[in-house]
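S.K.: Okay, so here is protein.pdb, and as you'll see once you scroll down, it has PDB, C-alpha atoms.
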```pdb
ATOM      1  CA  MET A   1      -0.226 -29.120  -0.469
ATOM      2  CA  ASN A   2      -1.988 -27.897  -3.614
ATOM      3  CA  PRO A   3      -0.362 -25.480  -6.140
ATOM      4  CA  GLN A   4      -2.206 -22.460  -4.734
ATOM      5  CA  ASP A   5      -0.907 -23.212  -1.239
ATOM      6  CA  VAL A   6       2.635 -23.436  -2.613
ATOM      7  CA  LEU A   7       2.234 -20.081  -4.373
ATOM      8  CA  ASP A   8       0.868 -18.456  -1.219
ATOM      9  CA  TYR A   9       3.690 -19.963   0.816
ATOM     10  CA  PHE A  10       6.468 -18.505  -1.340
ATOM     11  CA  LEU A  11       4.837 -15.466  -2.894
ATOM     12  CA  SER A  12       2.806 -14.115   0.032
ATOM     13  CA  PRO A  13       5.129 -13.909   3.055
ATOM     14  CA  THR A  14       2.807 -11.390   4.716
ATOM     15  CA  LYS A  15       0.252 -14.211   4.922
ATOM     16  CA  THR A  16       2.533 -17.087   5.842
ATOM     17  CA  GLY A  17       5.508 -15.327   7.477
ATOM     18  CA  TYR A  18       9.242 -15.778   6.848
ATOM     19  CA  ASP A  19      11.004 -19.018   7.709
ATOM     20  CA  LEU A  20      14.139 -20.913   6.688
ATOM     21  CA  PRO A  21      12.788 -22.483   3.458
ATOM     22  CA  LYS A  22      11.527 -19.137   2.144
ATOM     23  CA  THR A  23      14.709 -17.360   3.211
ATOM     24  CA  PHE A  24      16.810 -19.957   1.387
ATOM     25  CA  VAL A  25      14.691 -19.830  -1.783
ATOM     26  CA  TYR A  26      14.599 -16.011  -1.885
ATOM     27  CA  SER A  27      18.363 -15.842  -1.364
ATOM     28  CA  PHE A  28      19.018 -18.440  -4.061
ATOM     29  CA  VAL A  29      16.748 -16.673  -6.565
ATOM     30  CA  PHE A  30      18.382 -13.323  -5.785
ATOM     31  CA  ILE A  31      21.886 -14.708  -6.342
ATOM     32  CA  ILE A  32      20.946 -16.354  -9.652
ATOM     33  CA  ALA A  33      19.082 -13.248 -10.845
ATOM     34  CA  ALA A  34      21.979 -10.971  -9.853
ATOM     35  CA  TYR A  35      24.450 -13.154 -11.772
ATOM     36  CA  ILE A  36      22.257 -13.219 -14.889
ATOM     37  CA  ILE A  37      21.856  -9.430 -14.768
ATOM     38  CA  PHE A  38      25.623  -9.017 -14.495
ATOM     39  CA  LYS A  39      26.160 -11.181 -17.561
ATOM     40  CA  LEU A  40      23.537  -9.219 -19.510
ATOM     41  CA  LEU A  41      25.181  -5.936 -18.546
ATOM     42  CA  LYS A  42      28.564  -7.236 -19.670
ATOM     43  CA  LYS A  43      27.073  -8.454 -22.948
ATOM     44  CA  SER A  44      25.572  -5.000 -23.479
ATOM     45  CA  ASN A  45      28.977  -3.384 -22.793
ATOM     46  CA  ILE A  46      27.643  -1.509 -19.755
ATOM     47  CA  LYS A  47      30.428  -0.726 -17.322
ATOM     48  CA  ILE A  48      29.795  -1.292 -13.627
ATOM     49  CA  ASP A  49      31.308   1.971 -12.465
ATOM     50  CA  LYS A  50      30.474   5.000 -10.324
ATOM     51  CA  ARG A  51      28.120   6.406 -12.938
ATOM     52  CA  PHE A  52      26.176   3.149 -13.135
ATOM     53  CA  ALA A  53      25.939   2.937  -9.334
ATOM     54  CA  LEU A  54      24.771   6.554  -9.103
ATOM     55  CA  ALA A  55      22.143   5.981 -11.799
ATOM     56  CA  ILE A  56      20.750   2.940  -9.973
ATOM     57  CA  THR A  57      20.693   4.544  -6.510
ATOM     58  CA  PRO A  58      17.372   6.437  -6.938
ATOM     59  CA  TYR A  59      15.579   3.169  -7.692
ATOM     60  CA  ILE A  60      16.905   1.583  -4.505
ATOM     61  CA  ILE A  61      15.477   4.514  -2.554
ATOM     62  CA  PHE A  62      12.271   4.475  -4.630
ATOM     63  CA  GLY A  63      11.699   0.798  -3.833
ATOM     64  CA  GLY A  64      12.232   1.397  -0.119
ATOM     65  CA  ILE A  65       9.787   4.319  -0.017
ATOM     66  CA  LEU A  66       7.223   2.385  -2.047
ATOM     67  CA  ARG A  67       7.465  -0.510   0.411
ATOM     68  CA  SER A  68       6.972   1.879   3.340
ATOM     69  CA  LEU A  69       3.782   3.188   1.725
ATOM     70  CA  GLU A  70       2.421  -0.349   1.925
ATOM     71  CA  ASP A  71       3.347  -0.469   5.618
ATOM     72  CA  ALA A  72       1.472   2.796   6.137
ATOM     73  CA  GLY A  73      -1.595   1.507   4.284
ATOM     74  CA  VAL A  74      -1.324   4.091   1.478
ATOM     75  CA  VAL A  75      -1.099   1.297  -1.108
ATOM     76  CA  SER A  76      -1.929  -2.375  -0.852
ATOM     77  CA  SER A  77      -0.922  -5.021  -3.377
ATOM     78  CA  TYR A  78       1.285  -8.057  -3.856
ATOM     79  CA  TRP A  79       3.532  -5.805  -5.951
ATOM     80  CA  PHE A  80       4.374  -3.642  -2.949
ATOM     81  CA  VAL A  81       5.616  -6.417  -0.625
ATOM     82  CA  THR A  82       8.456  -8.931  -0.835
ATOM     83  CA  PRO A  83       9.071 -10.582  -3.250
ATOM     84  CA  GLY A  84       6.675  -8.744  -5.575
ATOM     85  CA  ILE A  85       8.248  -5.340  -5.050
ATOM     86  CA  TYR A  86      11.616  -6.622  -6.279
ATOM     87  CA  PHE A  87       9.988  -7.746  -9.515
ATOM     88  CA  LEU A  88       8.179  -4.418  -9.838
ATOM     89  CA  VAL A  89      11.296  -2.297  -9.342
ATOM     90  CA  PHE A  90      13.284  -4.563 -11.673
ATOM     91  CA  ILE A  91      10.665  -4.158 -14.414
ATOM     92  CA  ILE A  92      10.617  -0.372 -13.956
ATOM     93  CA  VAL A  93      14.417  -0.131 -14.044
ATOM     94  CA  THR A  94      14.605  -2.392 -17.109
ATOM     95  CA  LEU A  95      12.072  -0.280 -19.014
ATOM     96  CA  ILE A  96      13.757   3.022 -18.151
ATOM     97  CA  PHE A  97      17.187   1.532 -18.799
ATOM     98  CA  SER A  98      15.989   0.487 -22.284
ATOM     99  CA  ILE A  99      14.750   4.018 -22.916
ATOM    100  CA  GLY A 100      18.118   5.345 -21.769
ATOM    101  CA  ILE A 101      20.019   3.048 -24.131
ATOM    102  CA  PHE A 102      17.716   4.053 -27.007
ATOM    103  CA  LEU A 103      18.287   7.765 -26.350
ATOM    104  CA  GLN A 104      22.015   7.191 -26.059
ATOM    105  CA  ARG A 105      22.138   5.528 -29.476
ATOM    106  CA  LYS A 106      19.776   7.946 -31.217
ATOM    107  CA  LYS A 107      20.460  11.266 -29.477
ATOM    108  CA  GLY A 108      23.834  10.761 -27.825
ATOM    109  CA  ILE A 109      22.396  11.283 -24.336
ATOM    110  CA  PRO A 110      24.305   9.051 -21.866
ATOM    111  CA  TYR A 111      21.972   6.330 -20.591
ATOM    112  CA  PHE A 112      22.900   6.938 -16.945
ATOM    113  CA  LYS A 113      21.631  10.528 -17.101
ATOM    114  CA  THR A 114      18.198   9.394 -18.283
ATOM    115  CA  LEU A 115      18.139   6.639 -15.666
ATOM    116  CA  PHE A 116      19.177   8.977 -12.865
ATOM    117  CA  ILE A 117      16.807  11.840 -13.706
ATOM    118  CA  ILE A 118      13.733   9.628 -14.087
ATOM    119  CA  GLY A 119      14.712   7.886 -10.843
ATOM    120  CA  LEU A 120      14.735  11.239  -9.042
ATOM    121  CA  LEU A 121      11.273  11.997 -10.422
ATOM    122  CA  LEU A 122       9.993   8.655  -9.105
ATOM    123  CA  ILE A 123      11.459   9.411  -5.671
ATOM    124  CA  SER A 124       9.807  12.832  -5.682
ATOM    125  CA  PHE A 125       6.414  11.378  -6.570
ATOM    126  CA  THR A 126       6.518   8.621  -3.932
ATOM    127  CA  THR A 127       7.854  10.953  -1.227
ATOM    128  CA  LEU A 128       4.850  13.226  -1.767
ATOM    129  CA  GLN A 129       2.636  10.306  -0.721
ATOM    130  CA  VAL A 130       4.369  10.018   2.663
ATOM    131  CA  LYS A 131       2.631  11.633   5.626
ATOM    132  CA  PRO A 132       5.394  12.367   8.177
ATOM    133  CA  VAL A 133       4.452  12.089  11.842
ATOM    134  CA  ASN A 134       7.408  10.528  13.681
ATOM    135  CA  PHE A 135      10.322  12.942  13.378
ATOM    136  CA  TYR A 136      11.737  11.722  16.690
ATOM    137  CA  GLY A 137      12.377   8.259  15.233
ATOM    138  CA  VAL A 138      14.216   9.750  12.255
ATOM    139  CA  PHE A 139      16.249  11.930  14.627
ATOM    140  CA  LEU A 140      17.304   8.849  16.599
ATOM    141  CA  VAL A 141      18.393   7.096  13.405
ATOM    142  CA  GLY A 142      20.531  10.079  12.402
ATOM    143  CA  LEU A 143      22.029  10.416  15.874
ATOM    144  CA  LEU A 144      22.981   6.732  16.146
ATOM    145  CA  LEU A 145      24.210   6.480  12.567
ATOM    146  CA  LEU A 146      26.596   9.444  12.880
ATOM    147  CA  PRO A 147      29.306   7.550  14.840
ATOM    148  CA  TRP A 148      29.420   4.848  12.143
ATOM    149  CA  VAL A 149      29.737   7.472   9.419
ATOM    150  CA  LEU A 150      32.679   9.011  11.273
ATOM    151  CA  ILE A 151      34.313   5.634  11.960
ATOM    152  CA  PHE A 152      34.243   4.547   8.319
ATOM    153  CA  TYR A 153      35.207   8.011   7.118
ATOM    154  CA  PHE A 154      38.517   7.744   8.944
ATOM    155  CA  ILE A 155      39.302   4.117   8.006
ATOM    156  CA  LYS A 156      40.924   5.120   4.719
ATOM    157  CA  LYS A 157      42.669   1.780   4.135
ATOM    158  CA  PHE A 158      39.329  -0.006   3.805
ATOM    159  CA  GLY A 159      38.707   1.652   0.439
ATOM    160  CA  LEU A 160      36.039   4.154  -0.575
ATOM    161  CA  THR A 161      33.590   1.634  -2.030
ATOM    162  CA  ASN A 162      33.858  -0.644   0.999
ATOM    163  CA  ARG A 163      33.304   2.274   3.347
ATOM    164  CA  ILE A 164      30.231   3.489   1.462
ATOM    165  CA  VAL A 165      28.697   0.005   1.386
ATOM    166  CA  SER A 166      29.445  -0.459   5.084
ATOM    167  CA  VAL A 167      27.793   2.841   6.020
ATOM    168  CA  VAL A 168      24.719   1.961   3.931
ATOM    169  CA  GLN A 169      24.439  -1.388   5.704
ATOM    170  CA  MET A 170      24.906   0.290   9.090
ATOM    171  CA  PHE A 171      22.113   2.657   8.106
ATOM    172  CA  ASP A 172      19.895  -0.392   7.669
ATOM    173  CA  ALA A 173      21.061  -1.846  10.996
ATOM    174  CA  THR A 174      20.481   1.441  12.813
ATOM    175  CA  THR A 175      16.954   1.956  11.471
ATOM    176  CA  THR A 176      16.109  -1.614  12.449
ATOM    177  CA  PHE A 177      17.512  -1.120  15.948
ATOM    178  CA  VAL A 178      15.577   2.108  16.468
ATOM    179  CA  ALA A 179      12.338   0.556  15.213
ATOM    180  CA  LEU A 180      12.732  -2.508  17.451
ATOM    181  CA  ASN A 181      14.135  -0.890  20.571
ATOM    182  CA  PHE A 182      12.137   2.338  20.764
ATOM    183  CA  PHE A 183       8.919   1.728  18.852
ATOM    184  CA  GLY A 184       8.075  -1.928  19.423
ATOM    185  CA  TYR A 185       8.481  -3.161  15.863
ATOM    186  CA  GLN A 186       9.084  -6.873  15.177
ATOM    187  CA  GLU A 187      11.901  -8.319  13.054
ATOM    188  CA  GLN A 188      10.547 -10.567  10.293
ATOM    189  CA  HIS A 189      13.647 -12.336   9.025
ATOM    190  CA  VAL A 190      14.901 -15.594  10.473
ATOM    191  CA  LEU A 191      18.597 -15.058  11.234
ATOM    192  CA  PRO A 192      18.332 -11.524  12.678
ATOM    193  CA  ASN A 193      15.308 -12.575  14.716
ATOM    194  CA  PHE A 194      17.300 -15.478  16.186
ATOM    195  CA  PHE A 195      20.101 -13.212  17.419
ATOM    196  CA  ILE A 196      17.721 -10.481  18.555
ATOM    197  CA  SER A 197      15.723 -12.972  20.620
ATOM    198  CA  LEU A 198      18.938 -14.050  22.360
ATOM    199  CA  PHE A 199      20.894 -10.808  22.729
ATOM    200  CA  GLY A 200      18.418  -7.996  22.111
ATOM    201  CA  PRO A 201      18.001  -5.479  19.251
ATOM    202  CA  VAL A 202      21.502  -4.026  19.618
ATOM    203  CA  SER A 203      22.963  -7.374  18.486
ATOM    204  CA  PHE A 204      21.608  -6.727  14.987
ATOM    205  CA  ILE A 205      23.954  -3.765  14.595
ATOM    206  CA  PHE A 206      27.045  -5.821  15.399
ATOM    207  CA  LEU A 207      25.775  -8.801  13.397
ATOM    208  CA  LYS A 208      25.535  -6.517  10.358
ATOM    209  CA  LEU A 209      28.902  -4.911  11.040
ATOM    210  CA  ILE A 210      30.807  -8.189  11.330
ATOM    211  CA  GLY A 211      28.990  -9.884   8.462
ATOM    212  CA  VAL A 212      29.266  -7.047   5.953
ATOM    213  CA  VAL A 213      32.890  -6.182   6.685
ATOM    214  CA  ALA A 214      33.857  -9.865   6.476
ATOM    215  CA  VAL A 215      32.100 -10.316   3.122
ATOM    216  CA  LEU A 216      33.721  -7.190   1.668
ATOM    217  CA  ILE A 217      37.167  -8.373   2.765
ATOM    218  CA  LEU A 218      36.551 -11.803   1.228
ATOM    219  CA  ILE A 219      35.442 -10.244  -2.058
ATOM    220  CA  ASP A 220      38.629  -8.180  -2.242
ATOM    221  CA  LYS A 221      40.778 -11.160  -1.328
ATOM    222  CA  PHE A 222      39.377 -13.877  -3.567
ATOM    223  CA  SER A 223      37.963 -12.109  -6.635
ATOM    224  CA  SER A 224      40.363 -10.610  -9.162
ATOM    225  CA  ASP A 225      37.658  -9.227 -11.485
ATOM    226  CA  LYS A 226      37.374  -5.585 -10.408
ATOM    227  CA  GLU A 227      34.132  -4.979 -12.294
ATOM    228  CA  PHE A 228      32.499  -8.062 -10.792
ATOM    229  CA  ASN A 229      33.741  -6.941  -7.369
ATOM    230  CA  SER A 230      32.075  -3.576  -7.885
ATOM    231  CA  TYR A 231      28.859  -5.273  -8.949
ATOM    232  CA  LEU A 232      28.805  -7.543  -5.888
ATOM    233  CA  LYS A 233      29.351  -4.586  -3.612
ATOM    234  CA  LEU A 234      26.617  -2.657  -5.399
ATOM    235  CA  CYS A 235      24.227  -5.564  -4.742
ATOM    236  CA  ILE A 236      25.184  -5.627  -1.056
ATOM    237  CA  GLY A 237      24.704  -1.882  -0.800
ATOM    238  CA  ALA A 238      21.384  -2.067  -2.655
ATOM    239  CA  LEU A 239      19.986  -4.625  -0.216
ATOM    240  CA  GLY A 240      20.924  -2.500   2.793
ATOM    241  CA  GLY A 241      19.812   0.735   1.144
ATOM    242  CA  ALA A 242      16.399  -0.609   0.154
ATOM    243  CA  THR A 243      15.538  -2.127   3.545
ATOM    244  CA  GLY A 244      17.023   0.811   5.446
ATOM    245  CA  THR A 245      14.999   3.303   3.400
ATOM    246  CA  ARG A 246      11.858   1.241   3.922
ATOM    247  CA  ASP A 247      12.416   1.161   7.701
ATOM    248  CA  LEU A 248      13.232   4.881   7.868
ATOM    249  CA  PHE A 249      10.128   5.975   5.977
ATOM    250  CA  THR A 250       7.970   3.487   7.869
ATOM    251  CA  LEU A 251       9.248   5.048  11.092
ATOM    252  CA  LEU A 252       8.532   8.481   9.695
ATOM    253  CA  SER A 253       4.988   7.526   8.691
ATOM    254  CA  LEU A 254       3.967   5.540  11.760
ATOM    255  CA  ALA A 255       4.257   6.752  15.356
TER
END
```
Would you kindly transcribe this structure into C-alpha cells?

M.R.:
Amino acid sequence: MNPQDVLDYFLSPTKTGYDLPKTFVYSFVFIIAAYIIFKLLKKSNIKIDKRFALAITPYIIFGGILRSLEDAGVVSSYWFVTPGIYFLVFIIVTLIFSIGIFLQRKKGIPYFKTLFIIGLLLISFTTLQVKPVNFYGVFLVGLLLLPWVLIFYFIKKFGLTNRIVSVVQMFDATTTFVALNFFGYQEQHVLPNFFISLFGPVSFIFLKLIGVVAVLILIDKFSSDKEFNSYLKLCIGALGGATGTRDLFTLLSLA
C-alpha cells in the first residue's frame, strides 16, 4: 500500500468506508487530542465550567449543521466530512477563542461572551443555507425524544450535568433511529451497525442509553478531579450533540 492509499484509507472514509482499524485510530486520536486540549486549557487558567460549556455549544451545533450541508450537496470538500470537519471546527474555535482571550485582556470583555456570540452568528449563517423539506422527520424526532427528556428530568439524583449529557446522547440516538427506521438511511459506524443488523434500529437507542449512563457513573465513581470530570462529560455531550445535529438537519434537508 503506497502513502496515498494510506492517506485515502484514513482521511477519506466516504471513499473507503468505516471499519474497525479506522474506528480505533479515530477514537485514539480523539482521546489524545482531548487530553492535550484539557492540559492547554488548564495551563491557560481557563475553568471548565457552565460558562465554558455554554460558549462551546454553538460550535457543536455549527459543526453538525455544516456536516449536514455536505450530506445535502450544498458544499463538498474533505473539510466537511469526518475527520476533516473536526479539524476545521477545532481551527475555527481556536481562532475565535484566541480573539476572545485577547479582548478579555485588552478590553475586559469575558472571553466566553465573544466565543458564544460569534458561535451564534456562525449557526445563523449555516442555518440559512439549509433548505427544509422534511418536517415530518423532525416531528418524529421531537415526539420520540420527549419521553427521554421527561425521564431524565425527574431522575434528580443522577445530577444535572449527567442528565443533560444523557438527553443530548438520546437526542443523537433518536435522530439515528428515525433516519434508519422511517427513511431508509444506513448506519456507517461499526459497533452500532453490528447491533442494528442483529436487533434492528431500536437497539441503537438502548445501546446508547446503557453505554452513556454507565460511562457517566464510572466517571463520577473513579475520578476525583471535578473539573476533569466536567471536561469528560462535555466531550461526551459534544460527540452526541454534533452527530445528532447533523442527523436532524440531514433529515430536515432530505426527504

S.K.: Please enumerate the residues selected by the PyMOL selection byres ((chain A and resi 113) around 10) when evaluated against the supplied file, formatted as a ChimeraX atom specification.

M.R.: /A:51-52,54-55,100,104,109-112,114-119

S.K.: Quick one: pull the distance between CA of Thr126 (chain A) and CA of Gln169 (chain A), Å, one decimal.

M.R.: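 That distance, rounded to one decimal, is 22.7 Å.
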
S.K.: Take the PyMOL selection byres ((chain A and resi 147-162) around 12), run it mentally on this structure, and tell me the resulting residues as a PyMOL selection string.

M.R.: chain A and resi 49-50+53+141-146+163-174+205-206+209+212-220+226+229-234+236-237

S.K.: Care to translate the PyMOL selection byres ((chain A and resi 131) around 12) into actual residues of this file, as a list in words?

M.R.: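 For this structure, the PyMOL selection byres ((chain A and resi 131) around 12) resolves to Ile65, Ser68, Leu69, Ala72, Gly73, Val74, Thr126, Thr127, Leu128, Gln129, Val130, Pro132, Val133, Asn134, Phe135, Phe249, Thr250, Leu251, Leu252, Ser253, Leu254 and Ala255 of chain A.
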
S.K.: Which residue is closest to Ile46 (chain A)? Choose from A:Gly211, A:Phe97, A:Ser197, A:Val202 and count all atoms listed in the file.

M.R.: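 Looking at the shortest contact to Ile46 (chain A), the residue is A:Phe97.
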
S.K.: Find the axis-aligned box for region 221-238 of chain A, covering all its listed atoms and adding 3 Å on each side, and write its centre and edge lengths in Å to one decimal as AutoDock Vina command-line options.

M.R.:
```
--center_x 31.1 --center_y -7.9 --center_z -6.5 --size_x 25.4 --size_y 18.0 --size_z 17.5
```

S.K.: Output as a Markdown table one row per residue of region 19-111 of chain A within 12 Å of region 190-194 of chain A: the closest atom pair and its distance in Å to one decimal place, counting all atoms listed in the file, sorted by chain and residue number ascending.

M.R.:
```
| residue | atom | partner | partner_atom | distance |
| --- | --- | --- | --- | --- |
| A:Asp19 | CA | A:Val190 | CA | 5.9 |
| A:Leu20 | CA | A:Val190 | CA | 6.6 |
| A:Pro21 | CA | A:Val190 | CA | 10.1 |
| A:Lys22 | CA | A:Val190 | CA | 9.7 |
| A:Thr23 | CA | A:Val190 | CA | 7.5 |
| A:Phe24 | CA | A:Val190 | CA | 10.3 |
```

S.K.: Choose the residue, out of A:Leu180, A:Ile60, A:Val81, A:Leu95, that has the smallest atom-to-atom separation from Leu120 (chain A); count all atoms listed in the file.

M.R.: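 Selected residue with least distance to Leu120 (chain A): A:Ile60.
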
S.K.: Neighbours of region 62-64 of chain A within 8 Å (all atoms listed in the file; same-chain residues fewer than 6 positions away dropped), as a compact mmCIF listing (two decimals) with C-alpha atoms, in the frame of the given file?

M.R.:
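What ended up in around.txt:
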```txt
# COMPACT_ATOMS: atom_id res chain seq x y z
CA ILE A 85 8.25 -5.34 -5.05
CA TYR A 86 11.62 -6.62 -6.28
CA VAL A 89 11.30 -2.30 -9.34
CA GLY A 119 14.71 7.89 -10.84
CA LEU A 122 9.99 8.65 -9.10
CA ILE A 123 11.46 9.41 -5.67
CA THR A 126 6.52 8.62 -3.93
CA GLY A 241 19.81 0.74 1.14
CA ALA A 242 16.40 -0.61 0.15
CA THR A 243 15.54 -2.13 3.54
CA GLY A 244 17.02 0.81 5.45
CA THR A 245 15.00 3.30 3.40
CA ARG A 246 11.86 1.24 3.92
CA ASP A 247 12.42 1.16 7.70
CA PHE A 249 10.13 5.98 5.98
```

S.K.: Please export region 53-140 of chain A as a compact mmCIF listing (two decimals), in the first residue's frame, restricted to C-alpha atoms.

M.R.:
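As written to disk, part-v7.txt reads:
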```txt
# COMPACT_ATOMS: atom_id res chain seq x y z
CA ALA A 53 -19.69 24.71 28.15
CA LEU A 54 -22.27 27.29 27.04
CA ALA A 55 -19.68 29.15 24.98
CA ILE A 56 -18.62 25.96 23.18
CA THR A 57 -22.16 24.70 22.49
CA PRO A 58 -22.81 26.85 19.37
CA TYR A 59 -19.75 25.34 17.68
CA ILE A 60 -21.00 21.81 18.32
CA ILE A 61 -24.26 22.75 16.61
CA PHE A 62 -22.41 24.65 13.87
CA GLY A 63 -20.29 21.59 13.06
CA GLY A 64 -23.36 19.36 12.88
CA ILE A 65 -25.21 21.73 10.53
CA LEU A 66 -22.12 22.17 8.37
CA ARG A 67 -21.80 18.39 8.06
CA SER A 68 -25.47 18.12 7.06
CA LEU A 69 -24.89 20.65 4.28
CA GLU A 70 -22.36 18.23 2.82
CA ASP A 71 -24.96 15.45 3.01
CA ALA A 72 -27.41 17.68 1.15
CA GLY A 73 -24.84 18.53 -1.53
CA VAL A 74 -24.75 22.25 -0.66
CA VAL A 75 -21.00 22.03 0.00
CA SER A 76 -18.47 19.39 -0.96
CA SER A 77 -14.97 19.12 0.46
CA TYR A 78 -12.75 16.97 2.64
CA TRP A 79 -13.16 19.66 5.31
CA PHE A 80 -16.88 18.98 5.60
CA VAL A 81 -16.68 15.22 6.30
CA THR A 82 -15.09 13.16 9.07
CA PRO A 83 -12.32 13.57 10.10
CA GLY A 84 -11.71 16.84 8.25
CA ILE A 85 -14.68 18.64 9.77
CA TYR A 86 -13.32 18.06 13.28
CA PHE A 87 -10.08 19.76 12.28
CA LEU A 88 -11.99 22.61 10.65
CA VAL A 89 -14.22 23.28 13.66
CA PHE A 90 -11.23 22.99 16.01
CA ILE A 91 -9.29 25.58 13.98
CA ILE A 92 -12.29 27.94 13.94
CA VAL A 93 -12.86 27.58 17.69
CA THR A 94 -9.14 28.08 18.41
CA LEU A 95 -9.01 31.28 16.35
CA ILE A 96 -12.15 32.75 17.91
CA PHE A 97 -11.06 31.62 21.37
CA SER A 98 -7.75 33.48 20.84
CA ILE A 99 -9.66 36.60 19.84
CA GLY A 100 -11.81 36.22 22.95
CA ILE A 101 -8.77 35.94 25.22
CA PHE A 102 -7.20 39.00 23.54
CA LEU A 103 -10.36 41.07 24.06
CA GLN A 104 -10.60 39.89 27.65
CA ARG A 105 -7.06 41.06 28.39
CA LYS A 106 -7.28 44.34 26.47
CA LYS A 107 -10.92 45.37 26.88
CA GLY A 108 -12.12 43.35 29.86
CA ILE A 109 -14.74 41.53 27.78
CA PRO A 110 -15.11 37.95 29.12
CA TYR A 111 -13.79 35.51 26.52
CA PHE A 112 -16.87 33.27 26.74
CA LYS A 113 -19.15 36.11 25.61
CA THR A 114 -17.11 36.65 22.45
CA LEU A 115 -16.97 32.91 21.82
CA PHE A 116 -20.70 32.46 22.35
CA ILE A 117 -21.86 35.43 20.25
CA ILE A 118 -19.66 34.60 17.26
CA GLY A 119 -20.80 30.98 17.55
CA LEU A 120 -24.43 32.09 17.30
CA LEU A 121 -23.59 34.12 14.19
CA LEU A 122 -21.98 31.05 12.60
CA ILE A 123 -25.08 28.98 13.39
CA SER A 124 -27.30 31.65 11.86
CA PHE A 125 -25.25 31.76 8.67
CA THR A 126 -25.14 27.98 8.19
CA THR A 127 -28.83 27.55 9.03
CA LEU A 128 -29.71 29.99 6.25
CA GLN A 129 -28.10 27.54 3.80
CA VAL A 130 -30.46 24.73 4.84
CA LYS A 131 -33.45 24.09 2.60
CA PRO A 132 -36.08 22.42 4.83
CA VAL A 133 -38.32 19.83 3.19
CA ASN A 134 -38.85 17.00 5.69
CA PHE A 135 -40.70 18.46 8.67
CA TYR A 136 -42.31 15.09 9.38
CA GLY A 137 -38.92 13.56 10.21
CA VAL A 138 -38.12 16.39 12.63
CA PHE A 139 -41.56 15.97 14.21
CA LEU A 140 -40.88 12.27 14.79
```
